[in-house]
Structures are given as C-alpha cells and as structure tokens.
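Colleague: Pasting a structure below so you can have a look.
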Amino acid sequence: MTLKYCQGPDCHTYHTQDRLKGIKGSKTYQTRRRSRLLFDEFCDTRCYNDWFSTYGTQAVDHYGRVKEVKHLTEENAWQKTYDWDSDYQTRLYVYRNGITKEQRPLTKQQYDDTNYTLNERG
Ligand SMILES: [Zn+2]
C-alpha cells in the first residue's frame, strides 16, 4: 500500500496530533500521507480549499476559462427520470425535456443504458 502526500500547501502547518511526528526534542508537524485522499490529492476539505485558494485561478486559466454564456438548447435538454413516488416494480421511466416539458416513454433498459440518449450531443 503506497501512501500519497496531501497536496495542501499548508497541510504541515495545522496542529493536529497525527501530523506531529518524530522523537522528543526533534518533533515536527508534517504533511499528511494517506492511501486514500479526497479527489485523490487532499487529506481533507481544508487542504483542498487551501489549494484552490492558492492555485485555482491559475488552474482555470491553464485548462480553459469559460468566456461566454453556454446554452443548453431544446435538442439537448432531455433527461431520464421516473415517477419517484412509485415502487420499483411499477415504476414508469420517461425522457423529459427540461425546456419543452415534453415526455416520452422509456423502457427500463433504455433508462439504464448510458449510451442511449435523445440528446443530439452527449
Ligand atoms: Zn492535508
């Protein structure tokens, strides 16, 4: 089991017992290491928020900033749903258009099939 380092820039500055390591006289607070991390990178939401506060704008600039309004049109506003108050056996599945409110019947197989869509672009 390999341990990964928390990527929070200030992880080592938080005074928790599990971060305090070393022998008496030379103890230090250390970056947490975990086999499982939040988003695979952070020990907790505080470290995640620290990272985003420090690097978020740079990351968005690097990977592509939204610079104009995006539109979800009628052609792509279909969502799979079902009547939530019915029980599993008698449940009715439908495709509902979030703009026109039109509904079309769906089979259970179509509902479960992640490749099945009425939307023009997935
Ligand atoms: Zn951390």
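Quick note on naming: the chains in the structure tokens go A, B, ... in the order shown, residues restart at 1 in each chain, and ligands are numbered from 1 in order of appearance.
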List the spatial neighbours of A:Ile99 as an mmCIF file with all heavy atoms, in the first residue's frame - criterion: any atom at most 9 Å away, only C-alpha atoms, same-chain residues fewer than 3 positions off excluded.

Modeller:
data_model
loop_
_atom_site.group_PDB
_atom_site.id
_atom_site.type_symbol
_atom_site.label_atom_id
_atom_site.label_comp_id
_atom_site.auth_asym_id
_atom_site.auth_seq_id
_atom_site.Cartn_x
_atom_site.Cartn_y
_atom_site.Cartn_z
ATOM 1 N N THR A 73 -29.773 23.813 -25.313
ATOM 2 C CA THR A 73 -30.939 24.026 -26.182
ATOM 3 C C THR A 73 -31.955 22.899 -26.005
ATOM 4 O O THR A 73 -31.664 21.874 -25.387
ATOM 5 C CB THR A 73 -30.495 24.067 -27.651
ATOM 6 O OG1 THR A 73 -29.886 22.805 -27.971
ATOM 7 C CG2 THR A 73 -29.503 25.204 -27.884
ATOM 8 N N GLU A 74 -33.129 23.095 -26.592
ATOM 9 C CA GLU A 74 -34.180 22.078 -26.552
ATOM 10 C C GLU A 74 -33.677 20.722 -27.021
ATOM 11 O O GLU A 74 -34.038 19.694 -26.459
ATOM 12 C CB GLU A 74 -35.341 22.473 -27.477
ATOM 13 C CG GLU A 74 -36.229 23.560 -26.946
ATOM 14 C CD GLU A 74 -37.393 23.856 -27.899
ATOM 15 O OE1 GLU A 74 -37.717 22.996 -28.750
ATOM 16 O OE2 GLU A 74 -37.973 24.950 -27.789
ATOM 17 N N ALA A 77 -31.875 19.014 -24.082
ATOM 18 C CA ALA A 77 -32.399 19.189 -22.725
ATOM 19 C C ALA A 77 -33.167 17.949 -22.232
ATOM 20 O O ALA A 77 -33.940 18.028 -21.281
ATOM 21 C CB ALA A 77 -33.288 20.435 -22.655
ATOM 22 N N TRP A 78 -32.946 16.799 -22.867
ATOM 23 C CA TRP A 78 -33.620 15.563 -22.446
ATOM 24 C C TRP A 78 -32.926 14.966 -21.230
ATOM 25 O O TRP A 78 -31.706 14.834 -21.207
ATOM 26 C CB TRP A 78 -33.611 14.540 -23.584
ATOM 27 C CG TRP A 78 -34.453 14.954 -24.745
ATOM 28 C CD1 TRP A 78 -34.033 15.550 -25.897
ATOM 29 C CD2 TRP A 78 -35.863 14.830 -24.845
ATOM 30 N NE1 TRP A 78 -35.100 15.799 -26.719
ATOM 31 C CE2 TRP A 78 -36.240 15.372 -26.103
ATOM 32 C CE3 TRP A 78 -36.856 14.328 -24.000
ATOM 33 C CZ2 TRP A 78 -37.568 15.412 -26.526
ATOM 34 C CZ3 TRP A 78 -38.173 14.361 -24.434
ATOM 35 C CH2 TRP A 78 -38.516 14.898 -25.676
ATOM 36 N N ARG A 96 -37.730 13.305 -20.214
ATOM 37 C CA ARG A 96 -38.437 14.574 -20.084
ATOM 38 C C ARG A 96 -37.538 15.683 -20.599
ATOM 39 O O ARG A 96 -36.376 15.772 -20.212
ATOM 40 C CB ARG A 96 -38.810 14.843 -18.624
ATOM 41 C CG ARG A 96 -39.551 16.166 -18.417
ATOM 42 C CD ARG A 96 -39.900 16.407 -16.965
ATOM 43 N NE ARG A 96 -40.820 15.370 -16.493
ATOM 44 C CZ ARG A 96 -40.806 14.869 -15.249
ATOM 45 N NH1 ARG A 96 -39.940 15.320 -14.371
ATOM 46 N NH2 ARG A 96 -41.645 13.928 -14.902
ATOM 47 N N GLU A 102 -41.946 18.243 -22.756
ATOM 48 C CA GLU A 102 -42.433 17.041 -23.430
ATOM 49 C C GLU A 102 -41.869 15.802 -22.729
ATOM 50 O O GLU A 102 -40.724 15.804 -22.272
ATOM 51 C CB GLU A 102 -41.982 17.044 -24.899
ATOM 52 C CG GLU A 102 -42.450 15.814 -25.671
ATOM 53 C CD GLU A 102 -41.848 15.741 -27.075
ATOM 54 O OE1 GLU A 102 -41.289 16.741 -27.548
ATOM 55 O OE2 GLU A 102 -41.948 14.651 -27.675
#

Colleague: For chain A against ligand 1, with a cut-off of 10 Å and counting only C-alpha atoms and all ligand atoms, what is the closest atom pair and its distance in Å to one decimal for every residue that makes the cut, ordered by chain and number, as JSON lines?

Modeller:
{"residue": "A:Tyr5", "atom": "CA", "partner": "ligand 1", "partner_atom_place_in_ligand_line": "1 (Zn)", "distance": 7.9}
{"residue": "A:Cys6", "atom": "CA", "partner": "ligand 1", "partner_atom_place_in_ligand_line": "1 (Zn)", "distance": 4.6}
{"residue": "A:Gln7", "atom": "CA", "partner": "ligand 1", "partner_atom_place_in_ligand_line": "1 (Zn)", "distance": 6.4}
{"residue": "A:Gly8", "atom": "CA", "partner": "ligand 1", "partner_atom_place_in_ligand_line": "1 (Zn)", "distance": 4.9}
{"residue": "A:Pro9", "atom": "CA", "partner": "ligand 1", "partner_atom_place_in_ligand_line": "1 (Zn)", "distance": 7.8}
{"residue": "A:Asp10", "atom": "CA", "partner": "ligand 1", "partner_atom_place_in_ligand_line": "1 (Zn)", "distance": 7.2}
{"residue": "A:Cys11", "atom": "CA", "partner": "ligand 1", "partner_atom_place_in_ligand_line": "1 (Zn)", "distance": 4.1}
{"residue": "A:His12", "atom": "CA", "partner": "ligand 1", "partner_atom_place_in_ligand_line": "1 (Zn)", "distance": 7.2}
{"residue": "A:Thr13", "atom": "CA", "partner": "ligand 1", "partner_atom_place_in_ligand_line": "1 (Zn)", "distance": 9.3}
{"residue": "A:Tyr14", "atom": "CA", "partner": "ligand 1", "partner_atom_place_in_ligand_line": "1 (Zn)", "distance": 8.5}
{"residue": "A:Arg19", "atom": "CA", "partner": "ligand 1", "partner_atom_place_in_ligand_line": "1 (Zn)", "distance": 9.4}
{"residue": "A:Gln30", "atom": "CA", "partner": "ligand 1", "partner_atom_place_in_ligand_line": "1 (Zn)", "distance": 9.3}
{"residue": "A:Thr31", "atom": "CA", "partner": "ligand 1", "partner_atom_place_in_ligand_line": "1 (Zn)", "distance": 6.2}
{"residue": "A:Arg32", "atom": "CA", "partner": "ligand 1", "partner_atom_place_in_ligand_line": "1 (Zn)", "distance": 5.5}
{"residue": "A:Arg33", "atom": "CA", "partner": "ligand 1", "partner_atom_place_in_ligand_line": "1 (Zn)", "distance": 8.1}
{"residue": "A:Arg34", "atom": "CA", "partner": "ligand 1", "partner_atom_place_in_ligand_line": "1 (Zn)", "distance": 9.4}
{"residue": "A:Leu37", "atom": "CA", "partner": "ligand 1", "partner_atom_place_in_ligand_line": "1 (Zn)", "distance": 9.0}
{"residue": "A:Leu38", "atom": "CA", "partner": "ligand 1", "partner_atom_place_in_ligand_line": "1 (Zn)", "distance": 9.5}
{"residue": "A:Glu41", "atom": "CA", "partner": "ligand 1", "partner_atom_place_in_ligand_line": "1 (Zn)", "distance": 8.5}
{"residue": "A:Phe42", "atom": "CA", "partner": "ligand 1", "partner_atom_place_in_ligand_line": "1 (Zn)", "distance": 5.4}
{"residue": "A:Cys43", "atom": "CA", "partner": "ligand 1", "partner_atom_place_in_ligand_line": "1 (Zn)", "distance": 4.3}
{"residue": "A:Asp44", "atom": "CA", "partner": "ligand 1", "partner_atom_place_in_ligand_line": "1 (Zn)", "distance": 5.9}
{"residue": "A:Thr45", "atom": "CA", "partner": "ligand 1", "partner_atom_place_in_ligand_line": "1 (Zn)", "distance": 8.3}
{"residue": "A:Arg46", "atom": "CA", "partner": "ligand 1", "partner_atom_place_in_ligand_line": "1 (Zn)", "distance": 7.4}
{"residue": "A:Cys47", "atom": "CA", "partner": "ligand 1", "partner_atom_place_in_ligand_line": "1 (Zn)", "distance": 4.7}
{"residue": "A:Tyr48", "atom": "CA", "partner": "ligand 1", "partner_atom_place_in_ligand_line": "1 (Zn)", "distance": 7.6}
{"residue": "A:Asp50", "atom": "CA", "partner": "ligand 1", "partner_atom_place_in_ligand_line": "1 (Zn)", "distance": 9.1}
{"residue": "A:Trp51", "atom": "CA", "partner": "ligand 1", "partner_atom_place_in_ligand_line": "1 (Zn)", "distance": 9.5}

Colleague: Give me a file of those residues, with N, CA, C and O atoms, as a compact mmCIF listing (two decimals), in the first residue's frame.

Modeller:
# COMPACT_ATOMS: atom_id res chain seq x y z
N TYR A 5 1.12 11.84 -0.69
CA TYR A 5 1.19 13.07 0.09
C TYR A 5 0.00 13.97 -0.20
O TYR A 5 -0.36 14.16 -1.37
N CYS A 6 -0.54 14.55 0.85
CA CYS A 6 -1.56 15.59 0.69
C CYS A 6 -0.92 16.76 -0.05
O CYS A 6 0.20 17.15 0.26
N GLN A 7 -1.64 17.30 -1.05
CA GLN A 7 -1.10 18.41 -1.84
C GLN A 7 -1.46 19.78 -1.27
O GLN A 7 -1.13 20.81 -1.86
N GLY A 8 -2.13 19.81 -0.12
CA GLY A 8 -2.45 21.09 0.51
C GLY A 8 -1.16 21.84 0.85
O GLY A 8 -0.29 21.29 1.51
N PRO A 9 -1.07 23.10 0.39
CA PRO A 9 0.19 23.84 0.60
C PRO A 9 0.50 24.11 2.07
O PRO A 9 1.66 24.31 2.42
N ASP A 10 -0.53 24.10 2.92
CA ASP A 10 -0.33 24.40 4.34
C ASP A 10 -0.61 23.20 5.25
O ASP A 10 -0.74 23.36 6.47
N CYS A 11 -0.72 22.02 4.67
CA CYS A 11 -1.07 20.82 5.45
C CYS A 11 -0.19 20.68 6.69
O CYS A 11 -0.68 20.41 7.79
N HIS A 12 1.10 20.89 6.53
CA HIS A 12 2.07 20.71 7.62
C HIS A 12 1.97 21.77 8.71
O HIS A 12 2.63 21.66 9.75
N THR A 13 1.16 22.83 8.47
CA THR A 13 1.09 23.91 9.47
C THR A 13 -0.08 23.73 10.44
O THR A 13 -0.21 24.49 11.38
N TYR A 14 -0.92 22.74 10.20
CA TYR A 14 -2.06 22.53 11.09
C TYR A 14 -1.68 21.63 12.26
O TYR A 14 -1.10 20.56 12.07
N ARG A 19 -0.30 14.77 12.79
CA ARG A 19 0.74 15.41 11.96
C ARG A 19 2.06 15.57 12.73
O ARG A 19 3.10 15.79 12.13
N GLN A 30 4.04 17.49 10.16
CA GLN A 30 4.37 17.04 8.81
C GLN A 30 3.14 16.92 7.91
O GLN A 30 2.03 16.68 8.39
N THR A 31 3.38 17.07 6.63
CA THR A 31 2.35 16.84 5.61
C THR A 31 1.76 15.45 5.81
O THR A 31 2.50 14.48 6.01
N ARG A 32 0.43 15.36 5.77
CA ARG A 32 -0.20 14.05 5.94
C ARG A 32 0.06 13.14 4.74
O ARG A 32 0.13 13.60 3.60
N ARG A 33 0.17 11.85 5.01
CA ARG A 33 0.26 10.82 3.97
C ARG A 33 -0.91 9.87 4.16
O ARG A 33 -1.20 9.48 5.29
N ARG A 34 -1.54 9.52 3.07
CA ARG A 34 -2.72 8.66 3.14
C ARG A 34 -2.73 7.71 1.93
O ARG A 34 -2.21 8.05 0.87
N LEU A 37 -7.13 9.68 -0.65
CA LEU A 37 -7.21 11.12 -0.44
C LEU A 37 -8.44 11.68 -1.13
O LEU A 37 -8.92 11.12 -2.13
N LEU A 38 -8.94 12.79 -0.63
CA LEU A 38 -10.07 13.50 -1.24
C LEU A 38 -9.65 13.97 -2.62
O LEU A 38 -8.62 14.64 -2.76
N GLU A 41 -6.03 13.75 -3.96
CA GLU A 41 -4.94 14.69 -3.73
C GLU A 41 -4.87 15.32 -2.34
O GLU A 41 -3.82 15.83 -1.95
N PHE A 42 -6.00 15.33 -1.60
CA PHE A 42 -6.05 16.11 -0.37
C PHE A 42 -6.53 15.29 0.82
O PHE A 42 -7.42 14.47 0.69
N CYS A 43 -5.95 15.57 2.00
CA CYS A 43 -6.33 14.81 3.20
C CYS A 43 -7.70 15.22 3.72
O CYS A 43 -8.37 14.43 4.35
N ASP A 44 -8.09 16.46 3.49
CA ASP A 44 -9.41 16.92 3.94
C ASP A 44 -9.84 18.16 3.14
O ASP A 44 -9.09 18.65 2.30
N THR A 45 -11.05 18.65 3.43
CA THR A 45 -11.58 19.77 2.64
C THR A 45 -10.81 21.07 2.92
O THR A 45 -10.73 21.93 2.06
N ARG A 46 -10.23 21.20 4.11
CA ARG A 46 -9.45 22.40 4.40
C ARG A 46 -8.24 22.47 3.46
O ARG A 46 -7.97 23.51 2.86
N CYS A 47 -7.52 21.36 3.31
CA CYS A 47 -6.37 21.34 2.41
C CYS A 47 -6.79 21.53 0.96
O CYS A 47 -6.12 22.19 0.18
N TYR A 48 -7.96 20.95 0.59
CA TYR A 48 -8.49 21.15 -0.77
C TYR A 48 -8.79 22.63 -1.00
O TYR A 48 -8.41 23.20 -2.03
N ASP A 50 -7.51 25.19 0.62
CA ASP A 50 -6.24 25.93 0.61
C ASP A 50 -5.62 25.88 -0.78
O ASP A 50 -5.12 26.88 -1.29
N TRP A 51 -5.63 24.67 -1.37
CA TRP A 51 -5.04 24.52 -2.70
C TRP A 51 -5.77 25.37 -3.71
O TRP A 51 -5.16 26.10 -4.49

Colleague: When DSSP is applied to the backbone of this structure, which of chain A are assigned helix (DSSP H, G or I)? Write them out as a ChimeraX atom specification.

Modeller: /A:11-13,17-19,45-63,74-76,88-90,108-112

Colleague: Rounded to one decimal place, report the atom CA of A:Leu118-atom CA of A:Arg104 distance in Å.

Modeller: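 The value is 9.9 Å.
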
Colleague: Where in stretch 6-63 of chain A does DSSP assign strand (DSSP E or B), given as an NGL selection string?

Modeller: :A and (20-21 or 28-29 or 33-34 or 38 or 42)

Colleague: Please provide as a PyMOL selection string all residues within 12 Å of stretch 82-91 of chain A, with the sequence filter that same-chain residues fewer than 2 positions apart are discarded (counting only C-alpha atoms).

Modeller: chain A and resi 79-80+93-96+103-108+111-112

Colleague: For the atom pair atom CA of A:Asn76 and atom CA of A:Gly64, what is the interatomic distance in Å to one decimal place?

Modeller: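 Distance reported for this atom pair: 22.8 Å.
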
Colleague: One decimal, in Å: what's the spacing between atom CA of A:Phe39 and atom CA of A:Asp113?

Modeller: 26.8 Å
